[in-house]
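Take a look at the structure below.
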Amino acid sequence: MKAQDIMSKNPATVTPTTRVRQAALLMKKEDVGVVPVVEEGTGGKKLVGMLTDRDIAIRLVADGKNPDECEVREVMSANPKTARADDDVSRVMDLMGREQVRRVPIVDERGSLVGIVAQADVVLEGSDDRKAERTIEKISEKGGKHQQ
């Protein structure tokens, strides 16, 4: 099974200059805990980061920043690990476990966002229950990044 078989296609996105309150409202509307950060141009939506609810809590709220003035670029997690649509789901699961992240953005050959694979996608659609279990254990280990 390939990442493209289980990924959410064309997820809602924000840009680095989007105000954090706008991004948070989008997350609420879409009922998601993460939104990819992209720079839009002629080559598509180039992925530059991920904004998580945790980023907002730790880097905005805890630091006393104003969500109406703060731009996403100030609090996002930059340089996220990515996978390709034609990667095997097992590779995506390995990446999630190794990097201790719950979501992996899927990009094309130009680095443009085409989808996202979440931990829930792997559990619901993955063909190897034992591997899914081990992946979740690795993601959840103490001291993990839990950025995405």
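If you're wondering about the labels, chains in the structure tokens are A, B, ... by order shown, residues count from 1 in each chain, ligands from 1 in order shown.
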
>> Please return, as JSON, numbers by chain, all residues of chain A that DSSP assigns to strand (DSSP E) on the basis of the backbone.
In response: {"A": [8, 9, 34, 35, 36, 37, 38, 39, 40, 41, 44, 45, 46, 47, 48, 49, 50, 51, 52, 77, 78, 83, 84, 103, 104, 105, 106, 107, 113, 114, 115, 116, 117, 118]}

The selected residues should be written to file as an mmCIF file, in the first residue's frame (atoms: N, CA and C atoms).
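For reference, result.cif as written:
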```cif
data_model
loop_
_atom_site.group_PDB
_atom_site.id
_atom_site.type_symbol
_atom_site.label_atom_id
_atom_site.label_comp_id
_atom_site.auth_asym_id
_atom_site.auth_seq_id
_atom_site.Cartn_x
_atom_site.Cartn_y
_atom_site.Cartn_z
ATOM 1 N N SER A 8 -4.782 12.115 3.287
ATOM 2 C CA SER A 8 -5.819 13.119 3.057
ATOM 3 C C SER A 8 -5.277 14.044 1.984
ATOM 4 N N LYS A 9 -5.995 14.167 0.891
ATOM 5 C CA LYS A 9 -5.529 14.976 -0.233
ATOM 6 C C LYS A 9 -5.913 16.442 -0.044
ATOM 7 N N VAL A 34 -3.317 20.233 13.199
ATOM 8 C CA VAL A 34 -2.145 20.695 12.454
ATOM 9 C C VAL A 34 -2.608 21.268 11.123
ATOM 10 N N VAL A 35 -1.851 22.253 10.651
ATOM 11 C CA VAL A 35 -2.099 22.814 9.326
ATOM 12 C C VAL A 35 -0.737 23.040 8.665
ATOM 13 N N PRO A 36 -0.570 22.526 7.445
ATOM 14 C CA PRO A 36 0.684 22.755 6.732
ATOM 15 C C PRO A 36 0.849 24.234 6.380
ATOM 16 N N VAL A 37 2.096 24.677 6.394
ATOM 17 C CA VAL A 37 2.435 26.054 6.051
ATOM 18 C C VAL A 37 3.129 26.016 4.690
ATOM 19 N N VAL A 38 2.567 26.740 3.729
ATOM 20 C CA VAL A 38 3.078 26.687 2.368
ATOM 21 C C VAL A 38 3.311 28.086 1.815
ATOM 22 N N GLU A 39 4.221 28.151 0.865
ATOM 23 C CA GLU A 39 4.417 29.367 0.071
ATOM 24 C C GLU A 39 3.835 29.045 -1.292
ATOM 25 N N GLU A 40 2.823 29.803 -1.680
ATOM 26 C CA GLU A 40 2.158 29.544 -2.953
ATOM 27 C C GLU A 40 2.868 30.292 -4.075
ATOM 28 N N GLY A 41 3.001 29.604 -5.191
ATOM 29 C CA GLY A 41 3.639 30.206 -6.351
ATOM 30 C C GLY A 41 3.296 29.416 -7.591
ATOM 31 N N GLY A 44 3.209 25.519 -7.402
ATOM 32 C CA GLY A 44 2.304 24.851 -6.470
ATOM 33 C C GLY A 44 2.431 25.414 -5.075
ATOM 34 N N LYS A 45 2.167 24.557 -4.100
ATOM 35 C CA LYS A 45 2.219 24.951 -2.692
ATOM 36 C C LYS A 45 3.463 24.339 -2.052
ATOM 37 N N LYS A 46 4.566 25.101 -2.060
ATOM 38 C CA LYS A 46 5.825 24.601 -1.498
ATOM 39 C C LYS A 46 5.729 24.548 0.017
ATOM 40 N N LEU A 47 5.912 23.369 0.580
ATOM 41 C CA LEU A 47 5.838 23.178 2.023
ATOM 42 C C LEU A 47 7.047 23.806 2.705
ATOM 43 N N VAL A 48 6.785 24.665 3.709
ATOM 44 C CA VAL A 48 7.878 25.297 4.446
ATOM 45 C C VAL A 48 7.803 25.014 5.944
ATOM 46 N N GLY A 49 6.692 24.461 6.409
ATOM 47 C CA GLY A 49 6.571 24.167 7.832
ATOM 48 C C GLY A 49 5.230 23.552 8.158
ATOM 49 N N MET A 50 5.047 23.289 9.445
ATOM 50 C CA MET A 50 3.785 22.769 9.957
ATOM 51 C C MET A 50 3.454 23.579 11.208
ATOM 52 N N LEU A 51 2.193 23.948 11.344
ATOM 53 C CA LEU A 51 1.730 24.636 12.540
ATOM 54 C C LEU A 51 0.806 23.692 13.287
ATOM 55 N N THR A 52 1.155 23.398 14.525
ATOM 56 C CA THR A 52 0.345 22.502 15.343
ATOM 57 C C THR A 52 -0.324 23.268 16.477
ATOM 58 N N SER A 77 6.631 24.971 13.209
ATOM 59 C CA SER A 77 7.761 24.035 13.183
ATOM 60 C C SER A 77 8.262 24.003 11.744
ATOM 61 N N ALA A 78 9.493 24.451 11.537
ATOM 62 C CA ALA A 78 10.060 24.530 10.192
ATOM 63 C C ALA A 78 10.710 23.208 9.788
ATOM 64 N N ALA A 83 7.293 12.732 3.111
ATOM 65 C CA ALA A 83 7.318 11.510 2.319
ATOM 66 C C ALA A 83 6.706 11.840 0.969
ATOM 67 N N ARG A 84 6.817 10.897 0.045
ATOM 68 C CA ARG A 84 6.247 11.054 -1.288
ATOM 69 C C ARG A 84 5.001 10.186 -1.415
ATOM 70 N N ARG A 103 1.988 13.131 12.279
ATOM 71 C CA ARG A 103 1.538 13.450 10.925
ATOM 72 C C ARG A 103 2.740 13.665 10.028
ATOM 73 N N VAL A 104 2.624 13.191 8.800
ATOM 74 C CA VAL A 104 3.700 13.364 7.824
ATOM 75 C C VAL A 104 3.118 14.015 6.570
ATOM 76 N N PRO A 105 3.634 15.184 6.200
ATOM 77 C CA PRO A 105 3.171 15.806 4.956
ATOM 78 C C PRO A 105 3.697 15.016 3.755
ATOM 79 N N ILE A 106 2.868 14.926 2.732
ATOM 80 C CA ILE A 106 3.233 14.225 1.509
ATOM 81 C C ILE A 106 3.458 15.282 0.430
ATOM 82 N N VAL A 107 4.625 15.231 -0.204
ATOM 83 C CA VAL A 107 5.000 16.233 -1.200
ATOM 84 C C VAL A 107 5.331 15.569 -2.535
ATOM 85 N N LEU A 113 3.128 20.483 -1.525
ATOM 86 C CA LEU A 113 2.231 19.670 -0.708
ATOM 87 C C LEU A 113 1.123 19.063 -1.560
ATOM 88 N N VAL A 114 0.919 17.748 -1.409
ATOM 89 C CA VAL A 114 -0.182 17.075 -2.107
ATOM 90 C C VAL A 114 -1.116 16.356 -1.139
ATOM 91 N N GLY A 115 -0.670 16.170 0.105
ATOM 92 C CA GLY A 115 -1.510 15.482 1.078
ATOM 93 C C GLY A 115 -0.826 15.391 2.427
ATOM 94 N N ILE A 116 -1.465 14.650 3.322
ATOM 95 C CA ILE A 116 -0.915 14.440 4.658
ATOM 96 C C ILE A 116 -1.378 13.070 5.164
ATOM 97 N N VAL A 117 -0.471 12.356 5.793
ATOM 98 C CA VAL A 117 -0.807 11.075 6.417
ATOM 99 C C VAL A 117 -0.727 11.273 7.920
ATOM 100 N N ALA A 118 -1.814 10.940 8.600
ATOM 101 C CA ALA A 118 -1.883 11.070 10.052
ATOM 102 C C ALA A 118 -1.792 9.693 10.695
#
```

>> My list of candidates is A:Ala12, A:Val20, A:Met27, A:Val32. Which is closest to A:Glu74 when distances are computed with only C-alpha atoms?
In response: A:Val20

> If you run DSSP on this backbone, which residues of stretch 35-114 of chain A come out as alpha helix (DSSP H), and could you give them as a ChimeraX atom specification?
Replying inline: /A:53-55,89-99

Can you spit out the residues from that selection as a PDB file, in the first residue's frame, using C-alpha atoms?
```
ATOM      1  CA  ASP A  53      -1.972  23.233  18.218  1.00  0.00           C
ATOM      2  CA  ARG A  54       1.043  22.513  20.413  1.00  0.00           C
ATOM      3  CA  ASP A  55       3.106  25.167  18.592  1.00  0.00           C
ATOM      4  CA  VAL A  89       3.022   3.082   3.990  1.00  0.00           C
ATOM      5  CA  SER A  90       5.651   1.111   5.920  1.00  0.00           C
ATOM      6  CA  ARG A  91       8.236   3.810   5.061  1.00  0.00           C
ATOM      7  CA  VAL A  92       5.851   6.516   6.296  1.00  0.00           C
ATOM      8  CA  MET A  93       5.295   4.526   9.500  1.00  0.00           C
ATOM      9  CA  ASP A  94       9.067   4.166   9.979  1.00  0.00           C
ATOM     10  CA  LEU A  95       9.442   7.937   9.542  1.00  0.00           C
ATOM     11  CA  MET A  96       6.678   8.637  12.078  1.00  0.00           C
ATOM     12  CA  GLY A  97       8.292   6.340  14.617  1.00  0.00           C
ATOM     13  CA  ARG A  98      11.843   7.581  14.054  1.00  0.00           C
ATOM     14  CA  GLU A  99      10.895  11.259  14.167  1.00  0.00           C
TER      15      GLU A  99
END
```

>> With only C-alpha atoms as the counted atoms, please give the residues lying no more than 10 Å from A:Cys70, apart from itself and same-chain residues fewer than 2 positions off, as a PyMOL selection string.
In response: chain A and resi 17-21+60+65-68+72-75

Please produce a file of those selected residues containing C-alpha atoms, as a PDB file, in the first residue's frame.
```
ATOM      1  CA  THR A  17       2.378  35.508   6.905  1.00  0.00           C
ATOM      2  CA  THR A  18      -1.043  34.282   8.033  1.00  0.00           C
ATOM      3  CA  ARG A  19      -1.900  35.615  11.497  1.00  0.00           C
ATOM      4  CA  VAL A  20      -1.963  32.869  14.126  1.00  0.00           C
ATOM      5  CA  ARG A  21      -5.577  33.605  15.111  1.00  0.00           C
ATOM      6  CA  LEU A  60       2.433  31.773  21.364  1.00  0.00           C
ATOM      7  CA  LYS A  65       2.253  36.766  22.157  1.00  0.00           C
ATOM      8  CA  ASN A  66      -0.804  38.341  20.553  1.00  0.00           C
ATOM      9  CA  PRO A  67      -2.437  35.922  18.057  1.00  0.00           C
ATOM     10  CA  ASP A  68      -3.848  38.851  16.079  1.00  0.00           C
ATOM     11  CA  VAL A  72       2.565  31.805  11.637  1.00  0.00           C
ATOM     12  CA  ARG A  73       6.269  31.944  10.675  1.00  0.00           C
ATOM     13  CA  GLU A  74       7.085  32.996  14.256  1.00  0.00           C
ATOM     14  CA  VAL A  75       5.650  29.881  15.896  1.00  0.00           C
TER      15      VAL A  75
END
```

>> Rounded to one decimal, what separation in Å do you get between atom CA of A:Gly111 and atom CA of A:Asn10?
In response: 13.9 Å

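Using only C-alpha atoms, the nearest neighbour of A:Val14 within the list A:Ala85, A:Met76, A:Ala120, A:Ala62 is A:Met76.
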
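The two atoms in question, atom CA of A:Gln4 and atom CA of A:Asp88, are spaced 8.9 Å apart.
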
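As for atom CA of A:Met1 and atom CA of A:Pro80, they are spaced 22.8 Å apart.
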